[in-house]
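Engineer: Okay, so here is model26.txt, and as you'll see once you scroll down, it has compact mmCIF, C-alpha atoms.
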# COMPACT_ATOMS: atom_id res chain seq x y z
CA MET A 240 143.79 27.08 24.99
CA PRO A 241 146.07 30.04 24.37
CA GLU A 242 145.01 33.62 24.82
CA GLY A 243 142.92 35.48 22.28
CA GLY A 244 142.05 32.57 20.04
CA ALA A 245 145.60 31.58 19.01
CA ILE A 246 144.53 28.00 18.88
CA PRO A 247 147.21 25.32 18.74
CA ASP A 248 147.48 23.50 15.47
CA ALA A 249 145.99 20.07 15.51
CA ALA A 250 146.10 17.18 13.12
CA PRO A 251 142.76 16.07 11.73
CA LYS A 252 140.97 13.56 13.88
CA ALA A 253 140.89 11.13 10.98
CA VAL A 254 138.27 8.44 11.05
CA THR A 255 140.58 5.47 10.75
CA ASP A 256 138.28 2.77 12.06
CA ARG A 257 135.42 2.94 9.63
CA GLY A 258 136.57 0.81 6.78
CA THR A 259 136.83 2.00 3.21
CA SER A 260 135.97 5.28 1.61
CA THR A 261 132.26 4.57 1.71
CA GLY A 262 132.47 4.60 5.48
CA THR A 263 129.45 2.40 5.96
CA GLY A 264 131.08 -0.59 7.54
CA GLU A 265 133.67 -1.52 10.16
CA GLY A 266 137.16 -2.56 9.26
CA ALA A 267 140.77 -2.57 10.25
CA GLY A 268 141.22 0.91 8.80
CA PRO A 269 141.85 2.29 5.33
CA THR A 270 145.20 2.39 3.62
CA PRO A 271 146.89 5.83 3.31
CA SER A 272 145.81 6.14 -0.33
CA ALA A 273 142.24 5.15 0.54
CA ARG A 274 142.27 7.68 3.39
CA ARG A 275 143.36 10.43 1.00
CA ARG A 276 140.58 9.49 -1.42
CA THR A 277 138.11 9.45 1.46
CA GLY A 278 139.27 12.86 2.61
CA LEU A 279 138.87 14.36 -0.86
CA LEU A 280 135.43 12.82 -1.32
CA VAL A 281 134.28 13.98 2.10
CA THR A 282 135.55 17.49 1.35
CA LEU A 283 133.65 17.61 -1.93
CA VAL A 284 130.45 16.24 -0.38
CA LEU A 285 130.62 18.66 2.56
CA GLY A 286 131.31 21.48 0.13
CA GLY A 287 128.22 20.50 -1.82
CA LEU A 288 126.12 20.43 1.34
CA THR A 289 127.31 23.86 2.47
CA ALA A 290 126.60 25.14 -1.05
CA THR A 291 122.92 24.22 -0.67
CA PRO A 292 121.89 27.54 0.99
CA PRO A 293 123.53 29.82 -1.61
CA LEU A 294 122.18 27.63 -4.39
CA SER A 295 118.67 27.72 -2.95
CA MET A 296 118.86 31.49 -2.41
CA ASP A 297 121.10 32.97 -5.07
CA MET A 298 119.99 31.04 -8.15
CA TYR A 299 116.51 32.33 -7.45
CA LEU A 300 117.49 35.99 -6.94
CA PRO A 301 117.46 37.19 -10.58
CA ALA A 302 113.93 35.77 -10.87
CA LEU A 303 112.42 37.78 -7.99
CA PRO A 304 111.10 40.63 -10.17
CA GLU A 305 109.63 38.08 -12.60
CA VAL A 306 107.95 36.17 -9.74
CA THR A 307 106.23 39.39 -8.63
CA ARG A 308 104.77 39.75 -12.12
CA SER A 309 104.00 36.07 -12.71
CA LEU A 310 102.15 35.54 -9.42
CA HIS A 311 100.73 39.09 -9.29
CA ALA A 312 102.22 39.70 -5.85
CA PRO A 313 103.96 42.76 -4.34
CA ALA A 314 107.72 42.73 -3.93
CA ALA A 315 107.52 42.61 -0.12
CA THR A 316 105.36 39.46 -0.31
CA VAL A 317 107.70 37.78 -2.79
CA GLN A 318 110.64 38.56 -0.51
CA LEU A 319 108.85 36.41 2.07
CA THR A 320 109.79 33.42 -0.08
CA LEU A 321 113.38 34.17 0.91
CA THR A 322 112.42 34.74 4.53
CA ALA A 323 110.46 31.48 4.68
CA CYS A 324 113.36 29.46 3.30
CA LEU A 325 115.79 31.13 5.67
CA ALA A 326 113.51 30.68 8.69
CA GLY A 327 113.05 27.01 7.76
CA MET A 328 116.80 26.52 7.61
CA ALA A 329 117.12 28.16 11.02
CA LEU A 330 114.43 26.12 12.79
CA GLY A 331 115.36 22.88 11.06
CA GLN A 332 118.86 23.04 12.46
CA LEU A 333 117.51 23.04 16.02
CA VAL A 334 115.93 19.66 15.28
CA VAL A 335 118.53 18.07 13.04
CA GLY A 336 121.57 19.07 15.11
CA PRO A 337 120.57 17.17 18.27
CA MET A 338 119.27 14.29 16.12
CA SER A 339 122.72 13.92 14.57
CA ASP A 340 124.30 13.84 18.05
CA ARG A 341 122.00 10.96 18.98
CA TRP A 342 121.72 8.87 15.79
CA GLY A 343 124.87 9.80 13.90
CA ARG A 344 125.34 12.08 10.91
CA ARG A 345 124.26 9.98 7.91
CA ARG A 346 120.66 9.03 8.66
CA PRO A 347 119.32 12.51 9.51
CA LEU A 348 121.22 13.95 6.56
CA LEU A 349 119.75 11.48 4.07
CA ALA A 350 116.22 12.03 5.40
CA GLY A 351 116.64 15.79 5.08
CA LEU A 352 117.88 15.56 1.51
CA VAL A 353 114.91 13.43 0.43
CA VAL A 354 112.43 15.96 1.84
CA TYR A 355 114.44 18.81 0.29
CA VAL A 356 114.09 17.24 -3.17
CA LEU A 357 110.33 16.79 -2.78
CA ALA A 358 109.75 20.33 -1.46
CA THR A 359 111.87 21.89 -4.22
CA ALA A 360 109.92 20.03 -6.88
CA LEU A 361 106.69 21.41 -5.36
CA CYS A 362 108.13 24.94 -5.51
CA ALA A 363 108.43 24.53 -9.27
CA LEU A 364 104.72 23.72 -9.46
CA ALA A 365 103.38 26.36 -7.02
CA PRO A 366 100.45 28.28 -8.59
CA THR A 367 100.26 31.04 -5.93
CA VAL A 368 102.72 33.04 -3.89
CA GLY A 369 101.19 31.66 -0.67
CA LEU A 370 101.88 28.08 -1.69
CA LEU A 371 105.36 29.05 -2.87
CA VAL A 372 106.10 30.57 0.55
CA ALA A 373 104.90 27.36 2.25
CA CYS A 374 106.98 25.11 0.00
CA ARG A 375 110.03 27.31 0.53
CA LEU A 376 109.56 26.93 4.28
CA VAL A 377 109.60 23.13 3.98
CA GLN A 378 112.54 23.36 1.59
CA GLY A 379 114.45 25.34 4.20
CA LEU A 380 113.51 22.98 7.03
CA ALA A 381 114.84 20.02 5.07
CA GLY A 382 117.86 21.82 3.67
CA ALA A 383 118.95 22.58 7.24
CA ALA A 384 120.22 19.01 7.50
CA GLY A 385 123.04 19.66 5.06
CA ILE A 386 124.10 22.90 6.75
CA VAL A 387 124.20 21.74 10.36
CA ILE A 388 125.59 18.26 9.74
CA ALA A 389 128.37 19.50 7.47
CA ARG A 390 129.63 21.73 10.30
CA ALA A 391 129.27 18.89 12.82
CA VAL A 392 131.26 16.53 10.58
CA VAL A 393 134.08 19.10 10.39
CA ARG A 394 134.10 19.29 14.20
CA ASP A 395 134.17 15.47 14.35
CA LEU A 396 137.22 15.31 12.12
CA TYR A 397 139.28 18.39 12.93
CA ASP A 398 140.55 20.55 15.80
CA GLY A 399 142.05 24.01 16.19
CA VAL A 400 143.86 25.58 13.27
CA ALA A 401 143.14 22.52 11.12
CA MET A 402 139.43 23.17 11.63
CA ALA A 403 139.80 26.86 10.71
CA ARG A 404 141.67 25.91 7.53
CA PHE A 405 139.06 23.31 6.60
CA PHE A 406 136.29 25.88 7.02
CA SER A 407 138.20 28.14 4.63
CA THR A 408 138.44 25.23 2.17
CA LEU A 409 134.69 24.71 2.43
CA MET A 410 134.25 28.43 1.79
CA LEU A 411 136.20 28.03 -1.45
CA ILE A 412 133.95 25.16 -2.56
CA SER A 413 130.65 26.60 -1.36
CA GLY A 414 131.75 30.06 -2.49
CA VAL A 415 131.63 28.89 -6.09
CA ALA A 416 127.87 28.50 -5.66
CA PRO A 417 127.06 32.20 -5.17
CA VAL A 418 129.45 33.02 -8.01
CA VAL A 419 127.72 30.81 -10.55
CA ALA A 420 124.19 30.57 -9.10
CA PRO A 421 122.90 34.01 -10.16
CA LEU A 422 124.58 33.58 -13.54
CA ILE A 423 122.87 30.21 -13.98
CA GLY A 424 119.58 31.66 -12.77
CA ALA A 425 119.85 34.54 -15.23
CA GLN A 426 120.56 32.15 -18.11
CA ILE A 427 117.63 29.95 -17.09
CA LEU A 428 115.40 33.03 -17.37
CA ARG A 429 116.54 33.39 -20.98
CA ALA A 430 115.27 29.90 -21.84
CA THR A 431 112.30 29.50 -19.48
CA ASP A 432 110.63 31.15 -16.49
CA TRP A 433 111.45 31.16 -12.77
CA ARG A 434 110.07 27.63 -12.32
CA GLY A 435 113.04 26.26 -14.23
CA VAL A 436 115.28 27.43 -11.38
CA PHE A 437 113.54 25.04 -9.00
CA VAL A 438 113.70 22.21 -11.50
CA LEU A 439 117.48 22.54 -11.57
CA LEU A 440 117.62 22.77 -7.75
CA THR A 441 115.66 19.52 -7.58
CA ALA A 442 118.29 17.82 -9.71
CA VAL A 443 121.07 19.22 -7.49
CA GLY A 444 119.32 17.83 -4.41
CA LEU A 445 119.03 14.39 -6.01
CA LEU A 446 122.73 14.38 -6.87
CA LEU A 447 123.69 15.31 -3.31
CA ALA A 448 121.48 12.57 -1.89
CA VAL A 449 123.19 9.97 -4.08
CA LEU A 450 126.65 11.20 -3.11
CA VAL A 451 125.85 11.15 0.59
CA TRP A 452 124.39 7.66 0.31
CA THR A 453 127.39 6.26 -1.53
CA ARG A 454 130.36 8.37 -0.41
CA LEU A 455 129.95 10.08 2.95
CA PRO A 456 131.33 8.06 5.90
CA GLU A 457 129.78 8.10 9.35
CA THR A 458 132.02 10.39 11.42
CA LEU A 459 130.37 10.05 14.83
CA PRO A 460 131.04 6.62 16.40
CA ALA A 461 128.38 5.01 18.56
CA ALA A 462 130.44 5.64 21.70
CA GLY A 463 130.33 9.38 21.07
CA ARG A 464 126.55 9.64 20.63
CA HIS A 465 124.11 11.00 23.19
CA ALA A 466 121.49 8.57 24.45
CA GLY A 467 119.21 11.30 25.79
CA GLY A 468 116.17 12.72 24.04
CA VAL A 469 114.80 16.23 23.77
CA GLY A 470 115.55 17.02 27.39
CA GLU A 471 119.23 16.16 27.03
CA ALA A 472 119.45 18.21 23.83
CA LEU A 473 117.93 21.22 25.56
CA ARG A 474 120.28 20.86 28.52
CA SER A 475 123.24 20.68 26.15
CA MET A 476 122.14 23.85 24.37
CA ARG A 477 121.60 25.59 27.70
CA ARG A 478 125.15 24.73 28.75
CA LEU A 479 126.46 26.12 25.47
CA LEU A 480 124.47 29.34 25.77
CA GLY A 481 125.68 29.72 29.34
CA ASP A 482 129.21 30.12 28.03
CA LEU A 483 129.48 33.88 27.40
CA PRO A 484 132.25 33.80 24.76
CA PHE A 485 130.49 31.01 22.81
CA THR A 486 127.29 33.06 22.79
CA GLY A 487 129.26 36.16 21.83
CA TYR A 488 130.87 34.48 18.84
CA MET A 489 127.48 33.02 17.90
CA LEU A 490 125.83 36.47 17.91
CA THR A 491 128.81 38.06 16.17
CA GLY A 492 128.46 35.57 13.32
CA GLY A 493 124.67 35.88 13.34
CA PHE A 494 124.53 39.65 12.96
CA SER A 495 127.35 39.58 10.41
CA PHE A 496 125.24 37.13 8.44
CA ALA A 497 122.29 39.53 8.76
CA ALA A 498 124.35 42.24 7.04
CA LEU A 499 125.19 39.74 4.31
CA PHE A 500 121.61 38.58 3.90
CA ALA A 501 120.30 42.15 3.74
CA TYR A 502 122.47 42.46 0.64
CA ILE A 503 121.28 39.12 -0.74
CA SER A 504 117.62 40.00 -0.25
CA ALA A 505 117.68 43.61 -1.46
CA SER A 506 120.34 43.61 -4.19
CA PRO A 507 118.12 42.19 -7.00
CA PHE A 508 115.78 45.17 -6.63
CA VAL A 509 118.53 47.71 -5.91
CA VAL A 510 120.59 46.73 -8.95
CA GLN A 511 117.77 45.96 -11.39
CA GLU A 512 114.89 48.22 -10.37
CA ILE A 513 116.72 51.28 -8.99
CA TYR A 514 119.79 51.32 -11.25
CA GLY A 515 118.14 49.68 -14.28
CA ALA A 516 120.60 46.83 -14.75
CA SER A 517 119.61 43.61 -16.55
CA PRO A 518 119.35 40.23 -14.77
CA GLN A 519 122.57 39.23 -16.50
CA THR A 520 124.39 42.33 -15.19
CA PHE A 521 123.09 41.65 -11.71
CA GLY A 522 124.30 38.07 -11.94
CA LEU A 523 127.74 39.28 -13.04
CA LEU A 524 128.02 41.79 -10.16
CA PHE A 525 126.84 39.22 -7.66
CA GLY A 526 129.40 36.75 -8.96
CA VAL A 527 132.22 39.31 -8.69
CA ASN A 528 131.27 40.02 -5.08
CA SER A 529 131.25 36.31 -4.31
CA VAL A 530 134.70 35.95 -5.87
CA GLY A 531 135.92 38.59 -3.43
CA LEU A 532 134.46 36.64 -0.52
CA VAL A 533 136.11 33.41 -1.71
CA LEU A 534 139.53 35.01 -2.30
CA ILE A 535 139.61 36.66 1.12
CA GLY A 536 138.45 33.39 2.65
CA GLN A 537 141.40 31.62 1.06
CA LEU A 538 143.76 34.33 2.27
CA ASN A 539 142.35 33.69 5.72
CA GLY A 540 142.82 29.92 5.57
CA ARG A 541 146.16 29.72 3.79
CA VAL A 542 148.01 32.80 5.08
CA LEU A 543 146.46 34.26 8.23
CA VAL A 544 145.32 31.19 10.19
CA GLY A 545 148.16 29.91 12.34
CA ARG A 546 150.14 33.14 11.95
CA VAL A 547 147.74 35.76 13.32
CA ARG A 548 145.37 35.36 16.24
CA LEU A 549 141.90 34.54 14.98
CA ASP A 550 140.36 37.18 17.23
CA ARG A 551 142.52 39.86 15.60
CA VAL A 552 141.57 38.74 12.11
CA LEU A 553 137.91 38.73 13.12
CA ALA A 554 138.24 42.25 14.56
CA VAL A 555 139.69 43.55 11.28
CA GLY A 556 136.93 41.86 9.28
CA LEU A 557 134.21 43.39 11.46
CA SER A 558 135.80 46.84 11.16
CA VAL A 559 135.78 46.63 7.36
CA VAL A 560 132.13 45.51 7.35
CA VAL A 561 131.18 48.49 9.53
CA LEU A 562 133.05 50.95 7.31
CA ALA A 563 131.57 49.54 4.08
CA SER A 564 128.01 49.54 5.44
CA VAL A 565 128.31 53.11 6.75
CA ALA A 566 129.66 54.20 3.35
CA LEU A 567 126.63 52.61 1.69
CA LEU A 568 124.32 54.41 4.10
CA LEU A 569 125.92 57.76 3.31
CA MET A 570 125.67 57.13 -0.45
CA THR A 571 122.06 55.93 -0.43
CA THR A 572 120.86 58.82 1.74
CA GLY A 573 122.37 61.37 -0.66
CA VAL A 574 125.17 62.71 1.54
CA PHE A 575 127.53 62.46 -1.46
CA GLY A 576 124.89 63.64 -3.92
CA GLU A 577 123.41 61.40 -6.57
CA VAL A 578 125.68 58.39 -7.09
CA GLY A 579 125.57 55.75 -9.78
CA LEU A 580 125.79 51.99 -9.64
CA ALA A 581 129.61 51.83 -9.67
CA PRO A 582 130.35 53.29 -6.19
CA VAL A 583 127.47 51.36 -4.63
CA ALA A 584 128.73 48.16 -6.23
CA ALA A 585 132.26 48.90 -4.97
CA ALA A 586 131.06 49.30 -1.38
CA LEU A 587 129.05 46.07 -1.64
CA PHE A 588 132.15 44.30 -2.97
CA VAL A 589 134.19 45.41 0.05
CA LEU A 590 131.44 44.33 2.44
CA MET A 591 131.06 40.91 0.83
CA SER A 592 134.82 40.35 0.70
CA ALA A 593 135.20 41.08 4.41
CA MET A 594 132.76 38.26 5.12
CA GLY A 595 135.52 35.89 3.97
CA VAL A 596 137.31 36.41 7.30
CA THR A 597 134.36 37.35 9.51
CA LEU A 598 132.05 34.35 9.12
CA PRO A 599 134.50 31.39 9.18
CA ASN A 600 136.54 32.78 12.08
CA ALA A 601 133.44 33.49 14.19
CA GLN A 602 132.30 29.87 13.64
CA THR A 603 135.74 28.43 14.33
CA LEU A 604 136.21 30.40 17.56
CA ALA A 605 132.79 29.27 18.75
CA LEU A 606 133.30 25.58 17.89
CA THR A 607 136.74 25.43 19.48
CA ARG A 608 135.04 26.01 22.83
CA ILE A 609 133.20 22.68 22.73
CA ARG A 610 134.44 19.12 23.21
CA HIS A 611 131.19 17.25 22.58
CA SER A 612 127.68 18.04 21.26
CA ALA A 613 129.02 19.34 17.96
CA GLY A 614 125.60 18.87 16.38
CA SER A 615 123.85 20.97 19.03
CA ALA A 616 126.54 23.67 18.86
CA SER A 617 126.34 23.73 15.06
CA ALA A 618 122.54 23.99 15.31
CA LEU A 619 122.78 27.01 17.60
CA LEU A 620 125.29 28.72 15.32
CA GLY A 621 123.21 28.10 12.23
CA THR A 622 119.84 28.86 13.81
CA SER A 623 120.97 32.19 15.22
CA SER A 624 122.42 33.24 11.86
CA PHE A 625 119.40 32.23 9.83
CA LEU A 626 116.80 33.60 12.24
CA ILE A 627 118.54 36.97 12.46
CA GLY A 628 118.89 36.95 8.67
CA ALA A 629 115.21 36.08 8.29
CA ILE A 630 114.30 39.12 10.37
CA ALA A 631 116.56 41.33 8.26
CA SER A 632 115.06 40.16 4.96
CA PRO A 633 111.62 41.87 5.08
CA LEU A 634 113.10 45.02 6.67
CA VAL A 635 115.12 45.82 3.54
CA GLY A 636 111.90 46.12 1.51
CA ILE A 637 109.88 48.03 4.06
CA ALA A 638 110.04 51.31 2.10
CA GLY A 639 109.32 49.71 -1.27
CA GLU A 640 111.57 48.69 -4.12
CA ARG A 641 112.63 52.18 -5.25
CA THR A 642 115.07 53.03 -2.46
CA ALA A 643 118.23 51.35 -1.16
CA VAL A 644 118.22 53.18 2.18
CA PRO A 645 116.58 50.34 4.18
CA MET A 646 119.22 47.89 2.95
CA ALA A 647 122.03 50.19 4.07
CA VAL A 648 120.35 50.90 7.43
CA VAL A 649 119.93 47.19 8.17
CA GLN A 650 123.50 46.44 7.15
CA SER A 651 124.95 49.23 9.28
CA ALA A 652 122.87 48.32 12.34
CA ALA A 653 123.72 44.61 12.02
CA ALA A 654 127.44 45.31 11.63
CA LEU A 655 127.50 47.57 14.68
CA VAL A 656 125.62 45.04 16.83
CA ALA A 657 127.98 42.26 15.69
CA SER A 658 130.96 44.37 16.71
CA ALA A 659 129.39 45.17 20.08
CA CYS A 660 128.77 41.47 20.78
CA PHE A 661 132.35 40.62 19.85
CA VAL A 662 133.87 43.30 22.09
CA GLY A 663 131.43 43.01 24.99
CA MET A 664 130.93 39.24 25.21
CA CYS A 665 134.00 37.62 23.66
CA ARG A 666 136.44 40.04 25.34
CA PRO A 667 139.24 39.29 22.86
CA TRP A 668 141.80 41.32 24.81
CA THR A 669 141.58 38.92 27.81
CA LYS A 670 142.11 35.22 28.39
CA ALA A 671 138.44 34.80 29.29
CA GLY A 672 137.44 34.66 25.64
CA ALA A 673 139.75 31.75 24.89
CA GLU A 674 139.73 29.58 27.99
CA GLY A 675 137.17 27.26 29.43
CA ALA A 676 135.73 24.92 26.81
CA VAL A 677 132.23 23.57 27.40
CA ASN A 678 131.03 20.04 26.73
With the file now loaded, output its structure as structure tokens.
Structural biologist:
Amino acid sequence: MPEGGAIPDAAPKAVTDRGTSTGTGEGAGPTPSARRRTGLLVTLVLGGLTATPPLSMDMYLPALPEVTRSLHAPAATVQLTLTACLAGMALGQLVVGPMSDRWGRRRPLLAGLVVYVLATALCALAPTVGLLVACRLVQGLAGAAGIVIARAVVRDLYDGVAMARFFSTLMLISGVAPVVAPLIGAQILRATDWRGVFVLLTAVGLLLAVLVWTRLPETLPAAGRHAGGVGEALRSMRRLLGDLPFTGYMLTGGFSFAALFAYISASPFVVQEIYGASPQTFGLLFGVNSVGLVLIGQLNGRVLVGRVRLDRVLAVGLSVVVLASVALLLMTTGVFGEVGLAPVAAALFVLMSAMGVTLPNAQTLALTRIRHSAGSASALLGTSSFLIGAIASPLVGIAGERTAVPMAVVQSAAALVASACFVGMCRPWTKAGAEGAVN
């Protein structure tokens, strides 16, 4: 592999021996037109699966203040419903990732989607905040299947620059979710209460389950599966964690995600409670920020990838995140005097947009270091991100809902740690960060 993450372009590892676009049987191989249809369908299904986390999180965000009133719970306790879902998604990936390496991608994915639908329906019926937290935990555990297996399928099908570009395509599809989710959630609150959000999420889960059952091909052939059990999965993860650059990219992505999730968790209270904006205004601002993330992600995939070393693009993205988070910290602590919503929203927009190059490139650089065990590697990447994000979530509300300082502190600290991991462990200025793939 070339120095500094300039990964050679590679054609997709197309699954040409799995029959027609349904991918459920064996055959002599699809025709070119059938392969194109299969590729489009797989892209849409994977986009839907990667949109599950922002749908589960962001559609619910405008309802957080209402949940505190409806269930008579403090804001910090209600924020645990986000933490529980995020922690479930983190831990679930550790289980589902190795399962998909052993039994293939389809069966664990379908099982996870069924449980996700049931848990989401129970969230809509939860009478207490404690039960809602528990149901959100199960929802996250089951929803992990879509996250980890979508990444593993991409690794099954693509290599190198093609993989980086596909991740950017997925970001375009899944990026629509955070754009529209808060807007949808805000409109649902006009017609009904917060429980209607979970009713709609239940329907989304059912639709995804049907699409996976009918349209998603199996991308991991039997010859490529691991016969070992838990012990083999743990050994595989240990080998991956023993690779310093892989771990560095994993932590870089994880702490970058923590800065992002600090925004996701705190922004409903910052925008609505501190600055007095309506749920609809919050949804609009959140959507604008998500548009920035999607547009920069497309710039990354269509313009930068293949022309600029991925490590360099990642370094620029991390630098922008650090600058934006420090600016937020200075504004919220009063260094610039009393500021309104506009400058705070501008800094959040810059931070969110920079995630369009930071997150996909960190994942791509990590996954290019593996030849096998894509499920286990994807599980480690996802688990680290979600666990670190779950820790960040309650910290942003530690001083109550009338100050934005904790959000800015968490974002700044996470961005600085991510940068330190990138520089200290990935060593982008040397060949060590790009050579030596692990199995």
Engineer: What lies within 8 Å of Met298 (chain A) using only C-alpha atoms, ignoring chain neighbours under 2 positions off, as an NGL selection string?
Structural biologist: :A and (293-296 or 300-301 or 417 or 420-425 or 436)
Engineer: The selected residues should be written to file as a short mmCIF file (atom, residue, chain, number, x, y, z; two decimals), keeping the file's coordinate frame (atoms: C-alpha atoms).
Structural biologist:
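Saved to result.cif:
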data_model
loop_
_atom_site.label_atom_id
_atom_site.label_comp_id
_atom_site.auth_asym_id
_atom_site.auth_seq_id
_atom_site.Cartn_x
_atom_site.Cartn_y
_atom_site.Cartn_z
CA PRO A 293 123.53 29.82 -1.61
CA LEU A 294 122.18 27.63 -4.39
CA SER A 295 118.67 27.72 -2.95
CA MET A 296 118.86 31.49 -2.41
CA LEU A 300 117.49 35.99 -6.94
CA PRO A 301 117.46 37.19 -10.58
CA PRO A 417 127.06 32.20 -5.17
CA ALA A 420 124.19 30.57 -9.10
CA PRO A 421 122.90 34.01 -10.16
CA LEU A 422 124.58 33.58 -13.54
CA ILE A 423 122.87 30.21 -13.98
CA GLY A 424 119.58 31.66 -12.77
CA ALA A 425 119.85 34.54 -15.23
CA VAL A 436 115.28 27.43 -11.38
#
Engineer: Check the smallest atom-to-atom distance from each of A:Arg434, A:Arg341, A:Arg404, A:His465 to Gln537 (chain A) using only C-alpha atoms, then report the winner.
Structural biologist: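 Counting only C-alpha atoms, the residue closest to Gln537 (chain A) is A:Arg404.
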Engineer: Please measure the separation of CA of Gln318 (chain A) and CA of Ser617 (chain A), giving the value in Å to one decimal.
Structural biologist: 26.6 Å
Engineer: Record the distance separating CA of Gly545 (chain A) and CA of Arg608 (chain A), expressed in Å with one decimal.
Structural biologist: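 Interatomic distance here is 17.2 Å.
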Engineer: Mind pulling up the distance from CA of Ala350 (chain A) to CA of Leu446 (chain A)?
Structural biologist: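 According to the coordinates, CA of Leu446 (chain A) and CA of Ala350 (chain A) are separated by 14.1 Å.
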Engineer: Could you give me, as a PyMOL selection string, the residues that have an atom at most 9 Å away from the point (113.4, 31.2, 4.9) in the coordinates of the file, using all atoms listed in the file?
Structural biologist: chain A and resi 319-329+372+375-380+625-626+628-629
Engineer: With a distance cut-off of 12 Å and all atoms listed in the file, select the neighbouring residues of Pro518 (chain A), excluding the residue or stretch itself and same-chain residues fewer than 5 positions from it, and output the selection as a ChimeraX atom specification.
Structural biologist: /A:298-305,421-429,506-512,523-525
Engineer: Need the shell around Val596 (chain A): protein/DNA/RNA residues with any atom at most 6 Å away, counting only C-alpha atoms. Skip same-chain ones fewer than 4 positions apart. Format as a count of residues only?
Structural biologist: 3
Engineer: Using only C-alpha atoms, determine which residues lie at most 7 Å from Asn528 (chain A), disregarding the query and same-chain residues fewer than 6 positions distant; provide the list as a list in words.
Structural biologist: Phe588, Met591 and Ser592 of chain A
Engineer: Please produce a file of those selected residues containing C-alpha atoms, as a compact mmCIF listing (two decimals), in the frame of the given file.
Structural biologist:
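Result file selection31.txt:
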# COMPACT_ATOMS: atom_id res chain seq x y z
CA PHE A 588 132.15 44.30 -2.97
CA MET A 591 131.06 40.91 0.83
CA SER A 592 134.82 40.35 0.70
Engineer: Considering only C-alpha atoms, state which residue in the set A:Thr359, A:Val284, A:Met476, A:Ala652 is at the smallest distance from Val334 (chain A).
Structural biologist: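 The closest residue to Val334 (chain A) is A:Met476.
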Engineer: From the list A:Ala654, A:Leu396, A:Leu371, A:Leu459, which residue is nearest Leu562 (chain A) when using all atoms listed in the file?
Structural biologist: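 Closest to Leu562 (chain A), using all atoms listed in the file: A:Ala654.
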